[in-house]
Amino acid sequence: MTTPAGFVGFTLVPAIALGLGIAYSLVSIRRLDDYRPLVLVALLGLMAAHQANEAVQYARDVGSLDAFGELVETGANLLASLTSYFLLGFLREQRRMSERLREQAHDLRRMNRAIDASGHAVYITDGEGRIDYVNPAFEELTGYAADEVLGERPDVLRAADASDTDGETGAPGHDREDERVYRRANGERYHARRTRAPIFGPDGQQQGSVTIQTDITDRKRLENDLRESLRQLRVFDRILRHNFHNDMNVIKGYAEMIQAGGDGQVARCAEIVVDRSERLLHTVDKEHEITKRLSNPQSPEPVELAPLIESVVSNVDSHGATLTVQQPADVVVRATRDIRLAIDELVTNAIDHSDRDTPTVTVDVAVHDGTAVISVADDGPGIPEMERDILTTERDIEPLYHGSGVGLWLVTLIVQQSDGQLAFHENEPRGSVVTIRLPTA
């Protein structure tokens with residue numbers, strides 16, 4: 001007869017294991033939304049039914065224990081239960097991998113659509129440096145059809161007289177960005193900004209590279225035109241300034257002789273000619289400074305404000321004006337070296353254009369949120385509104401505009417090249433406040 005220990009070991013334990021296997025399989029089927037494991041559930045159900053029948057036989061106290069047969073059957077039941085666990089785990093992993101593959105395929109299709117729709121020419125080379133993919137923009141830019149370049153090396157695009165230090169071959173290397181001259185299928189040359197990056201495989205070895213070309217032919221043409229325009233401007237400025245200075249100094253010299261030798265109305269008229277001559281000479285000199293900075297722009301660098309402003313105030317021709325400076329001692333800004341000239345121009349302009357016997361000019365420096373604010377305030381007649389609008393907005397210069405503030409144009413240019421901002425405000429009760437905002441270093 002079967003003993004209680006034999007019943008527990010050979011009947012109850014396998015039955016519990018089979019029941020757990022069936023429950024686990026049903027839950028997994030629901031989560032996976034995959035009904036293929038129902039075959040396994042059916043098999044486990046049959047084995048569980050057999051175990052239930054043995055339990056009934058034990059309750060009736062019939063049957064005898066075949067130790068070897070029961071051992072084999074119990075092992076088979078337990079193995080079937082474990083098999084259900086591992087098989088369903090495999091199915092879950094397969095489902096996760098399938099979902100991941102679907103996501104990757106979706107991303108790949110989206111990337112391919114983006115590359116195909118890109119306005120930049122894109123080509124991919126394999127491990128041997130041969131082209132194995134080009135997008136439509138490549139065909140449009142280069143004039144080569146895809147089947148004409150697939151399997152070829154990118155050297156087919158390189159202009160015959162263009163330098164190519166690293167070889168246009170997609171050879172192993174780091175990310176690279178540069179500008180190059182290429183040749184279209186019809187032999188026409190074009191300029192492009194090239195960005196190239198290596199493509200690595202799962203083993204970390206480079207398997208090719210991807211290159212993006214951006215057509216910059218029009219930009220290069222504009223740059224060349226601009227350089228030529230600036231060259232012509234420098235030549236024109238040099239000739240005009242030389243001739244103007246020579247002739248105006250002659251006029252000024254004769255006017256000074258008339259002023260010294262004449263009297264009454266003649267002397268007063270000669271004095272006006274001398275004054276106007278000096279003003280015109282100063283205007284031409286400022287125009288030369290503007291031309292010089294347009295053709296040779298400077299880069300911002302750290303500049304200490306305190307000694308710079310003190311130097312401006314101590315060297316300016318004050319004409320009896322009251323100059324006041326209020327500033328911290330340790331403010332450093334990022335600006336071009338010409339920022340000193342801009343501040344000097346603002347202070348001098350405030351004094352020269354004042355209509356008071358004793359002009360008052362205040363230079364104030366404050367720092368707010370990483371920005372240095374330099375304010376030059378005066379109590380003069382103020383800067384005309386049209387002059388301010390022309391300098392600080394995109395307002396067009398109208399035929400009625402006859403501004404003579406060349407110095408303010410120079411200030412505007414210097415502030416722009418210093419990555420700063422220029423603003424004009426009315427002072428109270430009268431006068432102007434010119435504000436320069438510069439980033440602190």
# chains A, B, ... in the order shown; residues from 1 in each chain; ligands from 1
call {"tool": "residues_around", "arguments": {"residues": "Thr348 in chain A", "least_positions_apart": "6", "cutoff": "12 Å", "atoms": "only C-alpha atoms", "output": "list in words"}}
result
Val312, Val313, Ser314, Asn315, Val316, Asp317, Ser318, His319, Ala321, Leu323, Leu341, Ala342, Ser354, Pro359, Thr360, Val361, Thr362, Val363, Val376, Ala377, Asp378, Gly407, Leu408 and Val411 of chain A
call {"tool": "select_by_dssp", "arguments": {"residues": "range 272-413 of chain A", "states": "alpha helix (DSSP H)", "output": "NGL selection string"}}
result
:A and (272-295 or 305-315 or 339-352 or 385-392 or 406-413)
call {"tool": "write_last_selection", "arguments": {"atoms": "C-alpha atoms", "output": "short mmCIF file (atom, residue, chain, number, x, y, z; two decimals), in the first residue's frame"}}
result
data_model
loop_
_atom_site.label_atom_id
_atom_site.label_comp_id
_atom_site.auth_asym_id
_atom_site.auth_seq_id
_atom_site.Cartn_x
_atom_site.Cartn_y
_atom_site.Cartn_z
CA ILE A 272 33.75 130.33 -39.71
CA VAL A 273 35.68 128.79 -42.63
CA VAL A 274 38.44 127.67 -40.25
CA ASP A 275 35.92 126.19 -37.81
CA ARG A 276 34.06 124.34 -40.55
CA SER A 277 37.32 123.08 -42.02
CA GLU A 278 38.37 121.59 -38.68
CA ARG A 279 34.95 119.94 -38.24
CA LEU A 280 35.10 118.42 -41.71
CA LEU A 281 38.63 117.14 -41.09
CA HIS A 282 37.46 115.50 -37.84
CA THR A 283 34.45 113.97 -39.66
CA VAL A 284 36.67 112.48 -42.36
CA ASP A 285 39.01 111.06 -39.71
CA LYS A 286 36.05 109.39 -37.98
CA GLU A 287 34.84 108.03 -41.30
CA HIS A 288 38.31 106.53 -41.73
CA GLU A 289 38.02 104.86 -38.32
CA ILE A 290 34.66 103.35 -39.34
CA THR A 291 36.10 102.06 -42.61
CA LYS A 292 39.07 100.55 -40.79
CA ARG A 293 36.84 98.67 -38.37
CA LEU A 294 34.49 97.48 -41.07
CA SER A 295 37.34 95.99 -43.06
CA LEU A 305 36.74 99.08 -17.21
CA ALA A 306 38.02 101.15 -14.26
CA PRO A 307 41.47 102.12 -15.63
CA LEU A 308 40.02 102.53 -19.12
CA ILE A 309 37.32 105.00 -18.06
CA GLU A 310 39.73 106.88 -15.78
CA SER A 311 42.11 107.27 -18.71
CA VAL A 312 39.31 108.59 -20.95
CA VAL A 313 38.13 111.15 -18.40
CA SER A 314 41.63 112.37 -17.55
CA ASN A 315 42.64 112.87 -21.21
CA ILE A 339 35.65 100.12 -26.58
CA ARG A 340 37.87 102.87 -25.14
CA LEU A 341 37.37 104.88 -28.33
CA ALA A 342 33.59 104.41 -28.08
CA ILE A 343 33.43 105.72 -24.49
CA ASP A 344 35.77 108.59 -25.38
CA GLU A 345 33.52 109.50 -28.32
CA LEU A 346 30.40 109.52 -26.12
CA VAL A 347 32.01 111.75 -23.49
CA THR A 348 33.49 114.12 -26.09
CA ASN A 349 30.20 114.24 -28.00
CA ALA A 350 28.30 115.14 -24.80
CA ILE A 351 30.70 118.04 -24.15
CA ASP A 352 31.04 119.37 -27.70
CA GLU A 385 15.06 111.31 -32.47
CA MET A 386 15.80 110.51 -36.12
CA GLU A 387 19.49 110.08 -35.29
CA ARG A 388 18.65 107.66 -32.49
CA ASP A 389 16.20 105.64 -34.62
CA ILE A 390 18.71 105.25 -37.46
CA LEU A 391 21.39 103.98 -35.08
CA THR A 392 19.35 101.63 -32.88
CA VAL A 406 29.52 110.09 -37.60
CA GLY A 407 30.99 109.59 -34.14
CA LEU A 408 27.81 107.85 -32.99
CA TRP A 409 28.00 105.56 -36.02
CA LEU A 410 31.51 104.64 -34.89
CA VAL A 411 30.25 103.96 -31.34
CA THR A 412 27.45 101.76 -32.71
CA LEU A 413 29.88 99.72 -34.80
#
call {"tool": "residues_around", "arguments": {"residues": "Val149 in chain A", "least_positions_apart": "5", "cutoff": "9 Å", "atoms": "only C-alpha atoms", "output": "list in words"}}
result
Arg130, Ile131, Asp132, Tyr133, Val134, Tyr144, Pro154 and Val156 of chain A
call {"tool": "write_last_selection", "arguments": {"atoms": "N, CA and C atoms", "output": "mmCIF file, in the first residue's frame"}}
result
data_model
loop_
_atom_site.group_PDB
_atom_site.id
_atom_site.type_symbol
_atom_site.label_atom_id
_atom_site.label_comp_id
_atom_site.auth_asym_id
_atom_site.auth_seq_id
_atom_site.Cartn_x
_atom_site.Cartn_y
_atom_site.Cartn_z
ATOM 1 N N ARG A 130 34.114 52.803 -49.911
ATOM 2 C CA ARG A 130 33.337 52.907 -51.139
ATOM 3 C C ARG A 130 31.894 53.302 -50.808
ATOM 4 N N ILE A 131 31.306 54.111 -51.642
ATOM 5 C CA ILE A 131 29.959 54.623 -51.406
ATOM 6 C C ILE A 131 28.943 53.491 -51.559
ATOM 7 N N ASP A 132 28.098 53.326 -50.530
ATOM 8 C CA ASP A 132 27.041 52.321 -50.650
ATOM 9 C C ASP A 132 25.651 52.909 -50.403
ATOM 10 N N TYR A 133 25.564 54.229 -50.210
ATOM 11 C CA TYR A 133 24.246 54.883 -50.088
ATOM 12 C C TYR A 133 24.405 56.369 -50.387
ATOM 13 N N VAL A 134 23.454 56.929 -51.136
ATOM 14 C CA VAL A 134 23.354 58.379 -51.337
ATOM 15 C C VAL A 134 21.886 58.751 -51.261
ATOM 16 N N TYR A 144 25.271 63.553 -60.037
ATOM 17 C CA TYR A 144 25.497 62.119 -60.254
ATOM 18 C C TYR A 144 24.260 61.332 -59.824
ATOM 19 N N PRO A 154 34.616 58.338 -52.837
ATOM 20 C CA PRO A 154 34.198 59.738 -52.888
ATOM 21 C C PRO A 154 35.160 60.632 -53.653
ATOM 22 N N VAL A 156 35.691 60.707 -56.539
ATOM 23 C CA VAL A 156 35.084 61.070 -57.813
ATOM 24 C C VAL A 156 34.515 62.482 -57.769
#
call {"tool": "closest_residue", "arguments": {"among": "A:Ser209, A:Asn112, A:Ser229, A:Thr142", "to": "Ala185 in chain A", "atoms": "only C-alpha atoms"}}
result
A:Thr142
call {"tool": "closest_residue", "arguments": {"among": "A:Leu438, A:Arg100, A:Asp215, A:Gln416", "to": "Pro302 in chain A", "atoms": "only C-alpha atoms"}}
result
A:Leu438
call {"tool": "select_by_dssp", "arguments": {"residues": "range 143-338 of chain A", "states": "strand (DSSP E or B)", "output": "ChimeraX atom specification"}}
result
/A:158,176-183,189-200,206-215,301-304,322-326,332-335
call {"tool": "write_last_selection", "arguments": {"atoms": "C-alpha atoms", "output": "JSON list (two decimals), in the first residue's frame"}}
result
[["chain", "number", "residue", "atom", "x", "y", "z"],
["A", 158, "ARG", "CA", 36.96, 66.00, -55.60],
["A", 176, "ARG", "CA", 35.66, 66.00, -39.05],
["A", 177, "GLU", "CA", 34.17, 69.24, -40.33],
["A", 178, "ASP", "CA", 35.73, 71.42, -43.00],
["A", 179, "GLU", "CA", 35.07, 73.28, -46.24],
["A", 180, "ARG", "CA", 36.08, 71.82, -49.58],
["A", 181, "VAL", "CA", 35.84, 72.39, -53.31],
["A", 182, "TYR", "CA", 34.08, 69.63, -55.24],
["A", 183, "ARG", "CA", 33.21, 68.93, -58.87],
["A", 189, "ARG", "CA", 32.92, 73.38, -59.25],
["A", 190, "TYR", "CA", 31.01, 73.98, -56.04],
["A", 191, "HIS", "CA", 31.91, 74.76, -52.44],
["A", 192, "ALA", "CA", 30.51, 72.61, -49.64],
["A", 193, "ARG", "CA", 30.85, 72.33, -45.89],
["A", 194, "ARG", "CA", 31.64, 68.69, -45.19],
["A", 195, "THR", "CA", 30.81, 66.94, -41.94],
["A", 196, "ARG", "CA", 32.05, 63.36, -41.65],
["A", 197, "ALA", "CA", 31.64, 60.91, -38.79],
["A", 198, "PRO", "CA", 32.70, 57.25, -38.41],
["A", 199, "ILE", "CA", 30.17, 54.41, -38.13],
["A", 200, "PHE", "CA", 31.11, 51.76, -35.56],
["A", 206, "GLN", "CA", 34.75, 51.16, -37.64],
["A", 207, "GLN", "CA", 32.55, 49.82, -40.43],
["A", 208, "GLY", "CA", 32.37, 52.95, -42.56],
["A", 209, "SER", "CA", 31.49, 56.61, -42.31],
["A", 210, "VAL", "CA", 28.65, 59.01, -43.03],
["A", 211, "THR", "CA", 29.30, 62.33, -44.74],
["A", 212, "ILE", "CA", 27.01, 65.36, -45.04],
["A", 213, "GLN", "CA", 27.65, 68.06, -47.61],
["A", 214, "THR", "CA", 26.05, 71.51, -47.33],
["A", 215, "ASP", "CA", 26.24, 73.65, -50.45],
["A", 301, "GLU", "CA", 38.59, 90.04, -25.18],
["A", 302, "PRO", "CA", 38.67, 90.73, -21.41],
["A", 303, "VAL", "CA", 38.92, 94.47, -20.71],
["A", 304, "GLU", "CA", 39.15, 96.17, -17.28],
["A", 322, "THR", "CA", 32.01, 118.97, -14.95],
["A", 323, "LEU", "CA", 32.87, 115.28, -15.33],
["A", 324, "THR", "CA", 31.73, 112.74, -12.73],
["A", 325, "VAL", "CA", 32.57, 109.02, -12.69],
["A", 326, "GLN", "CA", 30.77, 106.42, -10.59],
["A", 332, "VAL", "CA", 35.95, 93.20, -16.34],
["A", 333, "VAL", "CA", 33.96, 93.00, -19.59],
["A", 334, "ARG", "CA", 34.33, 91.19, -22.89],
["A", 335, "ALA", "CA", 34.77, 93.79, -25.61]]
call {"tool": "closest_residue", "arguments": {"among": "A:Met97, A:Ile414, A:Ala329, A:Ala423", "to": "Ser375 in chain A", "atoms": "only C-alpha atoms"}}
result
A:Ala423
